[in-house]
Amino acid sequence: MTLRPIITIPDPVLKQVSEPITEIDGSVQALVDDMLQTMYDAPGIGLAAVQIGILKRIAVVDCAKEDEKPAPKVLINPEIISASEETSVYQEGCLSIPEFYEDIERPAQVRVRHLDRDGTEHEFDADGLLATCVQHEIDHLNGVLFIDYLSRLKRDRVVKKFSKQAKREATG
Ligand code: GNR
Ligand code: NI
């Protein structure tokens, strides 16, 4: 397993739409294992392949609390097949936008269909933080970031801050 560097804004790869997986082979499984290791190391509760520069529809999530046993979920070609009218608000963060947090409103419950690491199809119902996290990850696979739900003023402000930082790091 290999820790992979996490890409941050304003890298344009984060706006790209990821491609479905057509065959789950050893290379896909090795990528999943790297993603889990990278997510736990960060630490984060989710990670999409695009965040390590790979435009494939793969995400990993684990919303278990610190005192609970790990509950990794591998989401390959994940789809929301239904979403509640009811919404909930969570303060979201993103490993690709370090140390920036904002409240985001999303459907409170979703039903998700996906393949697992072995290529078996599953469906599950998510609520609470897991529902938010799965929606956040599927957004990544579609090139969408949580800051895209903020006002243009707020989004432009955070993008500008990270652009300046990237420039400083490039020029020294
Ligand atoms: O670690 C993460 N925490 C988080 C908190 C609230 C809503 C979504 C998330 S996902 C984020 C990790 C990440 O960037 N996944 O793409
Ligand atoms: Ni994210």
# chains A, B, ... in the order shown; residues from 1 in each chain; ligands from 1
$ residues_near_ligand --ligand "ligand 1" --cutoff "9 Å" --atoms "only C-alpha atoms and all ligand atoms" --output "NGL selection string"
:A and (39 or 42-49 or 51 or 59-61 or 63 or 90-98 or 101 or 103-104 or 129-130 or 132-140 or 145-146)
$ atom_distance --atom1 "CA of Val13 in chain A" --atom2 "CA of Ile81 in chain A"
26.3 Å
$ residues_around --residues "Val74 in chain A" --least-positions-apart "3" --cutoff "12 Å" --atoms "only C-alpha atoms" --output "ChimeraX atom specification"
/A:28-29,31-36,39,46-49,57-62,71,77-78,112-122,134,137
$ residues_around --residues "Val17 in chain A" --least-positions-apart "4" --cutoff "7 Å" --atoms "only C-alpha atoms" --output "MDAnalysis selection string"
chainID A and resid 141:143
$ atom_distance --atom1 "CA of Leu55 in chain A" --atom2 "CA of Gln109 in chain A"
26.8 Å
$ select_by_dssp --residues "range 101-155 of chain A" --states "strand (DSSP E)" --output "number ranges by chain"
A: 101-107, 110-115, 121-126
$ residues_around --residues "Val110 in chain A" --least-positions-apart "5" --cutoff "8 Å" --atoms "only C-alpha atoms" --output "list in words"
Ile80, Ile81, Ser82, Ala83, Ser84, Asp125, Ala126, Asp127 and Ala131 of chain A
$ closest_residue --among "A:Ile9, A:Ile54, A:Ala108, A:Met1" --to "ligand 2" --atoms "only C-alpha atoms and all ligand atoms"
A:Ile9
$ select_by_dssp --residues "range 7-170 of chain A" --states "alpha helix (DSSP H)" --output "count of residues only"
49
